[in-house]
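Visitor: Okay, here's the structure, questions in a sec.
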Amino acid sequence: MELRFGTGALDREQRLCVTLPMLLIPYLSVNVVMTTLSYGHPLEGTGMAIVAMKTWMGNSPFFWSFFIAGYWAAFRDGIDRTSPLPETASIAWILLPAGFVAVAVGILLPTVNF
């Protein structure tokens, strides 16, 4: 499904250009943020392990979808009805979520010093 946001041929390079920012980077970003926020969990080590297992394993369909769509799936025909992603990322779309994460970390995790 995520390959509908690509253009051109369905070669490996094009598929990776689409699946990397749509599947793998969000997977890693969310899991790293959640694991970092679990540092001050009230259950200490047990709570951190629970949060880590819940996020890394619970979001694993994004990880496996990246490999399936990017490497393993064989596409004999093109994909109809595509909606290409923009060539460049807007700085506002990057800074706004980063600001929200920074505020959440600042409020929810005052014991971490950056």
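We name chains A, B, ... following the order of the structure tokens; residues begin at 1 in each chain, and ligands are numbered from 1 as shown.
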Could you name the residues that touch Ile68 in chain A at 10 Å or less, counting only C-alpha atoms, but leaving out those on the same chain fewer than 6 positions away, as an MDAnalysis selection string?
Guide: chainID A and resid 19 62 74
Visitor: Keeping only all heavy atoms, write those residues as a short mmCIF file (atom, residue, chain, number, x, y, z; two decimals), in the first residue's frame.
Guide:
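This is the output file part_8.cif:
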```cif
data_model
loop_
_atom_site.label_atom_id
_atom_site.label_comp_id
_atom_site.auth_asym_id
_atom_site.auth_seq_id
_atom_site.Cartn_x
_atom_site.Cartn_y
_atom_site.Cartn_z
N THR A 19 9.66 3.57 1.07
CA THR A 19 9.42 2.82 2.31
C THR A 19 10.28 3.28 3.48
O THR A 19 9.83 3.19 4.62
CB THR A 19 9.65 1.32 2.08
OG1 THR A 19 10.97 1.11 1.60
CG2 THR A 19 8.64 0.76 1.09
N PHE A 62 5.53 -2.28 11.17
CA PHE A 62 6.18 -1.27 10.34
C PHE A 62 7.55 -1.76 9.88
O PHE A 62 7.95 -1.56 8.74
CB PHE A 62 6.33 0.05 11.11
CG PHE A 62 5.05 0.78 11.28
CD1 PHE A 62 4.32 0.69 12.45
CD2 PHE A 62 4.57 1.58 10.26
CE1 PHE A 62 3.14 1.37 12.60
CE2 PHE A 62 3.38 2.26 10.39
CZ PHE A 62 2.66 2.16 11.57
N ALA A 74 7.62 -9.08 -5.05
CA ALA A 74 7.88 -9.03 -6.49
C ALA A 74 6.69 -8.36 -7.17
O ALA A 74 5.55 -8.78 -7.00
CB ALA A 74 8.06 -10.44 -7.03
#
```
Visitor: Need the shell around Tyr39 in chain A: protein/DNA/RNA residues with any atom at most 12 Å away, counting only C-alpha atoms. Skip same-chain ones fewer than 5 positions apart. Format as a PyMOL selection string?
Guide: chain A and resi 32-34+44-52+105+108-113
Visitor: Given the selection you just returned, output its residues as a file containing all heavy atoms, formatted as a CSV table (one decimal), in the first residue's frame.
Guide:
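again.csv written:
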```csv
chain,number,residue,atom,x,y,z
A,32,VAL,N,12.4,4.9,19.8
A,32,VAL,CA,13.5,5.5,20.6
A,32,VAL,C,12.9,6.5,21.6
A,32,VAL,O,13.3,6.6,22.8
A,32,VAL,CB,14.5,6.2,19.7
A,32,VAL,CG1,15.4,7.1,20.4
A,32,VAL,CG2,15.3,5.1,18.9
A,33,VAL,N,11.9,7.3,21.2
A,33,VAL,CA,11.3,8.3,22.1
A,33,VAL,C,10.6,7.6,23.2
A,33,VAL,O,10.7,8.0,24.4
A,33,VAL,CB,10.3,9.2,21.3
A,33,VAL,CG1,9.4,10.0,22.2
A,33,VAL,CG2,11.1,10.1,20.4
A,34,MET,N,9.8,6.5,22.9
A,34,MET,CA,9.1,5.9,24.0
A,34,MET,C,10.0,5.2,25.0
A,34,MET,O,9.8,5.1,26.2
A,34,MET,CB,8.1,4.9,23.4
A,34,MET,CG,7.0,5.5,22.6
A,34,MET,SD,6.0,6.7,23.6
A,34,MET,CE,5.2,5.6,24.7
A,44,GLU,N,10.3,1.1,37.6
A,44,GLU,CA,11.8,1.1,37.4
A,44,GLU,C,12.1,0.1,36.2
A,44,GLU,O,11.6,0.2,35.1
A,44,GLU,CB,12.5,0.8,38.7
A,44,GLU,CG,12.3,1.8,39.7
A,44,GLU,CD,12.9,1.4,41.1
A,44,GLU,OE1,13.3,0.3,41.3
A,44,GLU,OE2,12.9,2.3,41.9
A,45,GLY,N,13.0,-0.8,36.4
A,45,GLY,CA,13.5,-1.7,35.4
A,45,GLY,C,12.4,-2.6,34.8
A,45,GLY,O,12.4,-2.8,33.5
A,46,THR,N,11.5,-3.0,35.6
A,46,THR,CA,10.4,-3.8,35.0
A,46,THR,C,9.5,-3.0,34.1
A,46,THR,O,9.1,-3.5,33.0
A,46,THR,CB,9.5,-4.4,36.2
A,46,THR,OG1,10.4,-5.1,37.1
A,46,THR,CG2,8.4,-5.3,35.7
A,47,GLY,N,9.2,-1.8,34.5
A,47,GLY,CA,8.4,-0.9,33.7
A,47,GLY,C,9.1,-0.5,32.4
A,47,GLY,O,8.5,-0.4,31.3
A,48,MET,N,10.4,-0.3,32.5
A,48,MET,CA,11.1,0.0,31.3
A,48,MET,C,11.1,-1.2,30.3
A,48,MET,O,11.0,-1.0,29.1
A,48,MET,CB,12.6,0.4,31.7
A,48,MET,CG,12.7,1.7,32.3
A,48,MET,SD,14.4,2.1,32.9
A,48,MET,CE,15.3,2.0,31.4
A,49,ALA,N,11.3,-2.4,30.8
A,49,ALA,CA,11.2,-3.6,30.0
A,49,ALA,C,9.9,-3.7,29.3
A,49,ALA,O,9.7,-4.1,28.2
A,49,ALA,CB,11.6,-4.8,30.8
A,50,ILE,N,8.8,-3.5,30.1
A,50,ILE,CA,7.4,-3.6,29.6
A,50,ILE,C,7.2,-2.6,28.4
A,50,ILE,O,6.7,-2.9,27.4
A,50,ILE,CB,6.4,-3.4,30.7
A,50,ILE,CG1,6.4,-4.6,31.7
A,50,ILE,CG2,5.0,-3.2,30.1
A,50,ILE,CD1,5.6,-4.4,32.9
A,51,VAL,N,7.6,-1.3,28.7
A,51,VAL,CA,7.4,-0.3,27.6
A,51,VAL,C,8.3,-0.6,26.4
A,51,VAL,O,7.8,-0.5,25.3
A,51,VAL,CB,7.8,1.1,28.2
A,51,VAL,CG1,7.9,2.1,27.1
A,51,VAL,CG2,6.8,1.5,29.3
A,52,ALA,N,9.5,-1.1,26.6
A,52,ALA,CA,10.4,-1.4,25.5
A,52,ALA,C,9.8,-2.6,24.7
A,52,ALA,O,9.7,-2.5,23.4
A,52,ALA,CB,11.8,-1.7,26.0
A,105,VAL,N,8.9,15.6,26.5
A,105,VAL,CA,10.1,15.1,27.3
A,105,VAL,C,10.3,16.1,28.5
A,105,VAL,O,10.6,15.6,29.6
A,105,VAL,CB,11.3,15.0,26.4
A,105,VAL,CG1,12.6,14.8,27.2
A,105,VAL,CG2,11.2,13.9,25.4
A,108,LEU,N,7.2,15.5,31.0
A,108,LEU,CA,7.0,14.1,31.5
A,108,LEU,C,8.3,13.5,32.1
A,108,LEU,O,8.2,12.6,32.9
A,108,LEU,CB,6.5,13.2,30.4
A,108,LEU,CG,5.2,13.6,29.8
A,108,LEU,CD1,4.8,12.7,28.6
A,108,LEU,CD2,4.1,13.5,30.9
A,109,LEU,N,9.4,14.0,31.7
A,109,LEU,CA,10.7,13.4,32.1
A,109,LEU,C,11.7,14.5,32.6
A,109,LEU,O,12.7,14.7,32.0
A,109,LEU,CB,11.3,12.6,31.0
A,109,LEU,CG,12.3,11.6,31.3
A,109,LEU,CD1,11.8,10.5,32.3
A,109,LEU,CD2,12.8,10.9,30.1
A,110,PRO,N,11.4,15.1,33.7
A,110,PRO,CA,12.2,16.2,34.2
A,110,PRO,C,13.6,15.7,34.7
A,110,PRO,O,14.5,16.5,35.0
A,110,PRO,CB,11.4,16.9,35.3
A,110,PRO,CG,10.5,15.8,35.8
A,110,PRO,CD,10.2,14.9,34.6
A,111,THR,N,13.8,14.4,34.9
A,111,THR,CA,15.0,13.9,35.5
A,111,THR,C,16.1,13.8,34.5
A,111,THR,O,17.3,13.6,34.8
A,111,THR,CB,14.8,12.6,36.2
A,111,THR,OG1,14.3,11.7,35.3
A,111,THR,CG2,13.8,12.8,37.4
A,112,VAL,N,15.8,13.8,33.2
A,112,VAL,CA,16.8,13.7,32.1
A,112,VAL,C,17.3,15.0,31.8
A,112,VAL,O,16.6,16.0,31.5
A,112,VAL,CB,16.1,13.0,30.9
A,112,VAL,CG1,17.1,13.0,29.7
A,112,VAL,CG2,15.7,11.6,31.2
A,113,ASN,N,18.6,15.2,31.7
A,113,ASN,CA,19.3,16.4,31.4
A,113,ASN,C,19.9,16.3,30.1
A,113,ASN,O,20.8,15.4,29.9
A,113,ASN,CB,20.3,16.8,32.5
A,113,ASN,CG,19.6,17.0,33.8
A,113,ASN,OD1,18.6,17.6,33.9
A,113,ASN,ND2,20.3,16.5,34.9
```
Visitor: Write out as a list of chain:residue names the residues lying within 7 Å of Gly70 in chain A, counting only C-alpha atoms and excluding same-chain residues fewer than 6 positions away.
Guide: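 Using only C-alpha atoms, the neighbours found are A:Arg12, A:Arg15, A:Leu16, A:Thr19.
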Visitor: Write the selection just made, keeping all heavy atoms, as a short mmCIF file (atom, residue, chain, number, x, y, z; two decimals), in the first residue's frame?
Guide:
```cif
data_model
loop_
_atom_site.label_atom_id
_atom_site.label_comp_id
_atom_site.auth_asym_id
_atom_site.auth_seq_id
_atom_site.Cartn_x
_atom_site.Cartn_y
_atom_site.Cartn_z
N ARG A 12 14.32 -1.44 -6.85
CA ARG A 12 14.67 -1.43 -5.43
C ARG A 12 14.97 -0.02 -4.92
O ARG A 12 14.54 0.36 -3.83
CB ARG A 12 15.86 -2.33 -5.18
CG ARG A 12 16.28 -2.30 -3.71
CD ARG A 12 17.28 -3.35 -3.40
NE ARG A 12 16.60 -4.63 -3.47
CZ ARG A 12 17.20 -5.80 -3.36
NH1 ARG A 12 18.49 -5.84 -3.21
NH2 ARG A 12 16.53 -6.91 -3.41
N ARG A 15 11.69 1.89 -4.48
CA ARG A 15 10.92 1.35 -3.36
C ARG A 15 11.53 1.77 -2.03
O ARG A 15 10.81 2.09 -1.08
CB ARG A 15 10.82 -0.17 -3.45
CG ARG A 15 10.00 -0.60 -4.64
CD ARG A 15 9.63 -2.04 -4.61
NE ARG A 15 10.79 -2.94 -4.66
CZ ARG A 15 10.68 -4.25 -4.71
NH1 ARG A 15 9.51 -4.82 -4.71
NH2 ARG A 15 11.76 -5.00 -4.76
N LEU A 16 12.85 1.81 -1.93
CA LEU A 16 13.49 2.23 -0.68
C LEU A 16 13.28 3.72 -0.42
O LEU A 16 13.17 4.13 0.73
CB LEU A 16 14.98 1.90 -0.71
CG LEU A 16 15.32 0.42 -0.63
CD1 LEU A 16 16.82 0.22 -0.69
CD2 LEU A 16 14.74 -0.20 0.61
N THR A 19 9.66 3.57 1.07
CA THR A 19 9.42 2.82 2.31
C THR A 19 10.28 3.28 3.48
O THR A 19 9.83 3.19 4.62
CB THR A 19 9.65 1.32 2.08
OG1 THR A 19 10.97 1.11 1.60
CG2 THR A 19 8.64 0.76 1.09
#
```
Visitor: According to DSSP computed on the backbone, where in chain A is there alpha helix (DSSP H)? Give the residues as a ChimeraX atom specification.
Guide: /A:12-19,25-37,45-58,60-67,91-108
Visitor: For a test of reading the model, state the distance in Å between CA of Pro42 in chain A and CA of Phe100 in chain A, rounded to one decimal.
Guide: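 Atom-to-atom, CA of Pro42 in chain A to CA of Phe100 in chain A, that is 23.0 Å.
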Visitor: Hey, what's within 10 Å of Leu23 in chain A if we count only C-alpha atoms and toss same-chain stuff fewer than 5 positions away? As a PDB file with N, CA and C atoms, in the first residue's frame, please?
Guide:
```
ATOM      1  N   GLU A   2       1.963   1.260   0.763  1.00  0.00           N
ATOM      2  CA  GLU A   2       2.790   2.458   0.842  1.00  0.00           C
ATOM      3  C   GLU A   2       3.495   2.773  -0.461  1.00  0.00           C
ATOM      4  N   LEU A  16      12.849   1.806  -1.926  1.00  0.00           N
ATOM      5  CA  LEU A  16      13.492   2.228  -0.683  1.00  0.00           C
ATOM      6  C   LEU A  16      13.282   3.717  -0.425  1.00  0.00           C
ATOM      7  N   VAL A  18      10.669   5.306  -0.937  1.00  0.00           N
ATOM      8  CA  VAL A  18       9.318   5.470  -0.419  1.00  0.00           C
ATOM      9  C   VAL A  18       9.165   4.793   0.941  1.00  0.00           C
ATOM     10  N   LEU A  28      11.567   3.569  14.034  1.00  0.00           N
ATOM     11  CA  LEU A  28      12.711   3.796  14.901  1.00  0.00           C
ATOM     12  C   LEU A  28      12.520   5.033  15.774  1.00  0.00           C
ATOM     13  N   PRO A  61       5.098  -4.449  12.935  1.00  0.00           N
ATOM     14  CA  PRO A  61       4.585  -4.522  11.560  1.00  0.00           C
ATOM     15  C   PRO A  61       5.171  -3.452  10.638  1.00  0.00           C
ATOM     16  N   PHE A  62       5.525  -2.283  11.167  1.00  0.00           N
ATOM     17  CA  PHE A  62       6.180  -1.274  10.335  1.00  0.00           C
ATOM     18  C   PHE A  62       7.550  -1.762   9.878  1.00  0.00           C
ATOM     19  N   PHE A  63       8.275  -2.398  10.784  1.00  0.00           N
ATOM     20  CA  PHE A  63       9.598  -2.940  10.466  1.00  0.00           C
ATOM     21  C   PHE A  63       9.499  -4.010   9.387  1.00  0.00           C
ATOM     22  N   TRP A  64       8.579  -4.952   9.555  1.00  0.00           N
ATOM     23  CA  TRP A  64       8.439  -6.036   8.579  1.00  0.00           C
ATOM     24  C   TRP A  64       7.861  -5.529   7.266  1.00  0.00           C
ATOM     25  N   SER A  65       6.964  -4.549   7.316  1.00  0.00           N
ATOM     26  CA  SER A  65       6.419  -3.986   6.076  1.00  0.00           C
ATOM     27  C   SER A  65       7.500  -3.304   5.259  1.00  0.00           C
ATOM     28  N   PHE A  66       8.469  -2.682   5.936  1.00  0.00           N
ATOM     29  CA  PHE A  66       9.587  -2.070   5.224  1.00  0.00           C
ATOM     30  C   PHE A  66      10.333  -3.110   4.406  1.00  0.00           C
ATOM     31  N   PHE A  67      10.658  -4.231   4.997  1.00  0.00           N
ATOM     32  CA  PHE A  67      11.398  -5.259   4.277  1.00  0.00           C
ATOM     33  C   PHE A  67      10.555  -5.938   3.210  1.00  0.00           C
ATOM     34  N   ALA A  69       7.901  -4.656   1.494  1.00  0.00           N
ATOM     35  CA  ALA A  69       7.665  -3.751   0.361  1.00  0.00           C
ATOM     36  C   ALA A  69       8.961  -3.304  -0.295  1.00  0.00           C
ATOM     37  N   GLY A  70      10.023  -3.148   0.480  1.00  0.00           N
ATOM     38  CA  GLY A  70      11.262  -2.625  -0.064  1.00  0.00           C
ATOM     39  C   GLY A  70      12.163  -3.657  -0.709  1.00  0.00           C
TER      40      GLY A  70
END
```
Visitor: To one decimal in Å, tell me the separation between CA of Leu95 in chain A and CA of Cys17 in chain A.
Guide: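 One can read the CA of Leu95 in chain A to CA of Cys17 in chain A distance as 21.6 Å.
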Visitor: Quote the spacing between CA of Ala98 in chain A and CA of Val30 in chain A in Å to one decimal place.
Guide: 11.7 Å
Visitor: So which one's closest to Tyr27 in chain A, A:Ile94, A:Ala89, A:Met57, A:Val101? Using only C-alpha atoms, please.
Guide: A:Met57
